[in-house]
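Q: Before anything else, here's the structure in question.
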Amino acid sequence: MTTTTRIERHHYDVVVIGAGGAGLRAAIEARLAGKKTAIISKSLFGKAHTVMAEGGAAAAMGNVNSRDNWQVHFRDTMRGGKFLNNFRMAELHAKESPQRIWELETYGALFDRTKDGKISQRNFGGHEYPRLAHVGDRTGLELIRTLQQKIVSLQQEDQREFGSYDARIRVFSETTITELLLDGDRVAGAFGYYRESGEFILFEAPAVVLATGGVGRSYKVTSNSWEYTGDGHALALRAGATLINMEFLQFHPTGMVWPPSVKGILVTESVRGDGGVLKNSDGKRFMFDYVPDVFRKQYAETEEEADRWYTDPDNNRRPPELLPRDEVARAINSEVKAGRGSPAGGVFLDIASRRSADEIRRRLPSMYHQFKELADVDITAEPMEVGPTCHYVMGGVEVDPDSGAAFGHVRGLFAAGEVSGGMHGSNRLGGNSLSDLLVFGKRAGGHAASYADGLTARPKVAVDEVEAAVETALAPLQRDTGENPYTLQQDLQVVMGDLVGIIRREGELADALVRLAELRERVAKVSAAGGRRYNPGWHLALDLRNMLVVSECTAKAALERQESRGGHTREDYPAMEPKWRQVNLVCALDGDTVQLTRKPLPKMRPELIGLFDRAELAKYLTDEEIADFDALVADAGEADNR
Amino acid sequence: MSGKRQFRIWRGDESGGDLQDYMVEVNEGEVVLDVIHRLQATDAPDLACRWNCKAGKCGSCSMEINGKPRLGCMTRMSTFGDDETVTVTPLRTFPIIRDLVTDVSFNYEKARETPAFAPPADVAPGDYRMQQVDVERSQEFRKCIECFLCQTVCHVIRDHEENKQAFSGPRYFIRAAELDMHPLDARTDRKEYAQAEQGLGFCNITKCCTEVCPEHIKITDNGIIPMKERVVDRRYDPLVWLGSKIFRRGETPQTSVTTARQGSATPGSARGGVHSHAGGSHDSQAEAQAQSGVNWHREVPHPTAPAVDDRGKLPLTELTFDRAAAPSPFGDDVTFPLPPEHLNFAHPEQDNKH
């Protein structure tokens, strides 16, 4: 069979898989280092999921508040991640983001400005000072377009010098990589197919940078695009690298679940702040039943009191709809599981019956217009159906913080952006993802280039590995007895959404693992109708096995971690546990099965831990760690006295 | 309004195809892209269609719905009548790959030909200072999500394959406009480039591009027309020309696009020679002599005759003419002010400098 299969071959020094912010920045760096670089884009060039980022890119430039600096940003990041972050990544990120943002201006980016003409910075949750460089609410688009245009400008340089735009940096758009090829423990290349033609393509390259983004498509309700099938996570695992923190996913408690045209889109918290209430299918305002004891004093006990709060917050307690994010999510989750959910599996968020249409339009203009334009849903006329939405994965490829090189037993593999793990710990601050892409994209690209330089001989691609990859890729087309890939994806989404969602329980997680094992059998036999030319059914069939293995990692790690922290909430272990802060859960692949091991977190350097208050650290650290900290402070005090 | 609805979708590839009928369930609040996804999950698993964000932000799901170029994710089913058939076809201007997917590489080629942002040489990263009011003009164009609806609707290329070579399309006119209005872009010839290399002159401002833009960018009013106006000013306005002679005396006179290209080698310069300055002899020896003084023997080629209509007269309005703006009485290939080396003129103090 393989003899009849045509495979296009290319030689590159660095292959970057993924054309979002991290991938493009990595490719620019590798090309600037003089390496022949390929960029693999699953969709068209410039369409990556990065365009969805609205808030901005966090960088302590101090343009709006001059007291901001990298130490403050570092502190905010560690706090946001509940101290589970890889401290070195958080440090590098805080130190280098301003340069990465300024550099974008030299590529042609146009950020919003302050009065004195500098880059404007806006406030965002968890950031102590205004820190997010932004362009209205389309910062992600600006970032992608700027990097895309920088790559074009490098291609124009090459055109002048070598007579070909593609001489040193080429974009392979609508191309999917299905397999990384190894020579021993070294990366030798990548195998995939053109989505348009279905033709196969083989890249022979000693260094590969993964920048494939996240895993959200494994969830029923998600704000992520179809590309987010965890390809990079799965490629890394199969190549012998490891994943960390896979149990941490960021969910938003109120995303639209209906109608389908806006499913997954976030409904801002201010809808609740401006009078919106949550109701179940009985029409009951259920949040009053879910106020935990610790919050009971601050929250209203009757609807009358809660309603008075909106106009008289000084003399009344807050409505329970404004409880912290995970409490709201847990309540919605419980109502739905008790069978009191809306038809689409959420609950009702009602502002229409409580405020006049004029008032809603005045106070929530962008919400009103967004849903009116996208779905013809009039939030002033009817309640919204909302539920938890999967938004971002904190976990990913375990990397060396400085170089982005993957751990595990593989060399020549690098990762940056959402596909890498560690930087955000257990929860990501808004705005840190865009700067993460730039800082670690540049680092991964640069180190991939120097790794390629340091090789004395290029690793070789083995013919039988290519043949095996071809066979795996064609298998779904050659079977006609298996299931439809769309059905399998829906089933996977149901398992992950219902059992490994925002609120987790031991029994459900164990159940999820059983069901994932069943799905694995079915996915192995998936069949796709039609031919090879732009066949989305076939493409999905190939993505499924990636989604499945990554889902297994998440479920296993979520079952193992017996505490609640950041993006991982266990109903049976609701508290944060300092012992667990010292542990990263590391996933590796042994044959076909996911193996989980515990690994201690690297210890923060003294000058970095010294940036925090003892009182704050006491919330996160074990008693022994606090004792170490006290000793450190005492030493420093003595040194000062001498 | 849930129920089955009639859809006609073009299925096929570059060798041909036709509209196929589907009865498909449609629920309240859905958009055309939702219906296509339902078809993929049920009747037509191999129906090819691009999409990404499904929120009107990436510009992937461009298609023609009932003949109008639209984003599938932004076209609500409630905008159609209950028994209206919805016809979905691929973008007409670009070659078919399969079903609703077309080969849009034309756009990426034009993007590569458009000269990139030129950073100011003496401003370090972090030292860029711009006022909000100044960046906003370019920011409007940077809202572009590259859905290429303006490209597919533009009649210059929609039914004229032969124009694709010389015409970049609205998307790249606003790219040129964006760079032209960028407060710190170091290049000064964006408008001239648009005129000379992108085929700005083909555009006769029918505003179809503005009408289909999902980002509501005023492509024609804020991008194309201002560029046309200013490029025309520079090319034809004798006062501008005189002013530049008086106020810039002693400085290097402003060079026009064709000479700038020789120095900075923009893409497309390989096709040099298409445009020439009146009086340019293309004789390097004569040019050299002209630089240092009067060369009375230089042969000056005849300039191109002006573009006249079939009565031998200059057309009075662009309505009756085949290009935008009135033609130059000196011929279309002459740009003003003329480069000094093309004038048989020596400045009285010229010799003192040497």
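Labels for the structure tokens follow display order: chains A, B, ..., residues from 1 in each chain, ligands from 1.
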Taking only C-alpha atoms into account and nothing else, which residues of chain B lie no more than 6 Å away from chain A? Please answer as a list in words.
A: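 Written out as asked, the residues are Gly29, Glu30, Val31, Ala41, Pro45, Asp46, Ala48, Asn52, Cys53, Cys58, Met74, Arg112, Ala116, Phe117, Pro119, Pro125, Gly126, Arg129, Met130, Gln131 and Gln132 of chain B.
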Q: Name all residues at most 10 Å from A:Gly23 (count only C-alpha atoms; drop same-chain ones fewer than 6 positions away) and give them as a list of chain:residue names.
A: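 Returned residues: A:Val15, A:Val16, A:Ile17, A:Glu29, A:Ile39, A:Ile40, A:Ser41, A:Ala48, A:Leu147, A:Val209, A:Leu210, A:Ala211, A:Thr212, A:Gly213, A:Ala415, A:Ala416, A:Gly417, A:Leu437, A:Leu438, A:Phe440, A:Gly441, A:Lys442, A:Ala444, A:Gly445.
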Q: Measuring between only C-alpha atoms, which one of B:Arg142, B:Arg70, B:Asp83, B:Arg50 shows the shortest distance to B:Met23?
A: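 Comparing B:Arg142, B:Arg70, B:Asp83, B:Arg50 against B:Met23, the winner is B:Asp83.
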Q: Quick one: pick out all strand (DSSP E or B) residues within stretch 185-344 of chain A from a backbone DSSP run and write them as a ChimeraX atom specification.
A: /A:186-194,200-204,207-210,222,243-244,249-258,266,277-279,299,318
Q: Suppose we keep C-alpha atoms; can you now write the selection as a compact mmCIF listing (two decimals), in the first residue's frame?
A:
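Written file, part-v5.txt:
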```txt
# COMPACT_ATOMS: atom_id res chain seq x y z
CA ARG A 186 15.97 12.33 19.18
CA VAL A 187 13.28 14.03 17.16
CA ALA A 188 13.89 13.29 13.48
CA GLY A 189 10.79 14.70 11.85
CA ALA A 190 7.05 15.08 11.70
CA PHE A 191 4.46 13.35 9.56
CA GLY A 192 1.06 14.70 8.60
CA TYR A 193 -1.36 15.53 5.84
CA TYR A 194 -2.62 18.52 3.89
CA PHE A 200 0.72 13.15 3.03
CA ILE A 201 3.69 15.26 3.96
CA LEU A 202 6.88 14.41 5.78
CA PHE A 203 9.14 16.96 7.43
CA GLU A 204 12.66 15.86 8.23
CA ALA A 207 14.05 20.21 16.17
CA VAL A 208 10.30 20.52 16.62
CA VAL A 209 8.47 23.22 18.56
CA LEU A 210 4.97 22.34 19.74
CA THR A 222 -16.38 25.24 25.48
CA LEU A 243 2.69 16.34 30.80
CA ILE A 244 2.14 18.13 34.10
CA LEU A 249 -8.65 23.44 33.53
CA GLN A 250 -10.13 26.88 33.65
CA PHE A 251 -13.93 26.95 33.54
CA HIS A 252 -16.20 29.93 33.63
CA PRO A 253 -19.35 29.25 35.68
CA THR A 254 -21.71 31.08 33.36
CA GLY A 255 -21.21 30.39 29.67
CA MET A 256 -24.17 30.28 27.32
CA VAL A 257 -25.36 26.71 26.73
CA TRP A 258 -28.21 27.61 24.39
CA LEU A 266 -19.00 33.75 28.29
CA VAL A 277 -30.52 35.94 39.21
CA LEU A 278 -30.07 32.22 38.72
CA LYS A 279 -33.18 30.03 38.57
CA TYR A 299 -24.78 37.06 52.09
CA ARG A 318 -25.09 40.71 49.03
```
Q: Report as a list in words all protein, DNA and RNA residues lying within 7 Å of stretch 59-69 of chain B, evaluated on only C-alpha atoms, omitting residues in the same chain fewer than 4 positions from it.
A: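 The filter keeps Lys47 of chain A; Arg50, Trp51, Asn52, Cys73, Val86, Thr87, Val88, Thr89, Pro90, Leu91, Leu100, Ile145, Glu146, Cys147, Leu149, Val153 and Val212 of chain B.
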Q: Just checking: using only C-alpha atoms, which residue out of B:Asp221, B:Pro115, B:Gly17, B:Glu229 ends up closest to B:Arg190?
A: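 Ranked by minimum distance to B:Arg190, first place goes to B:Pro115.
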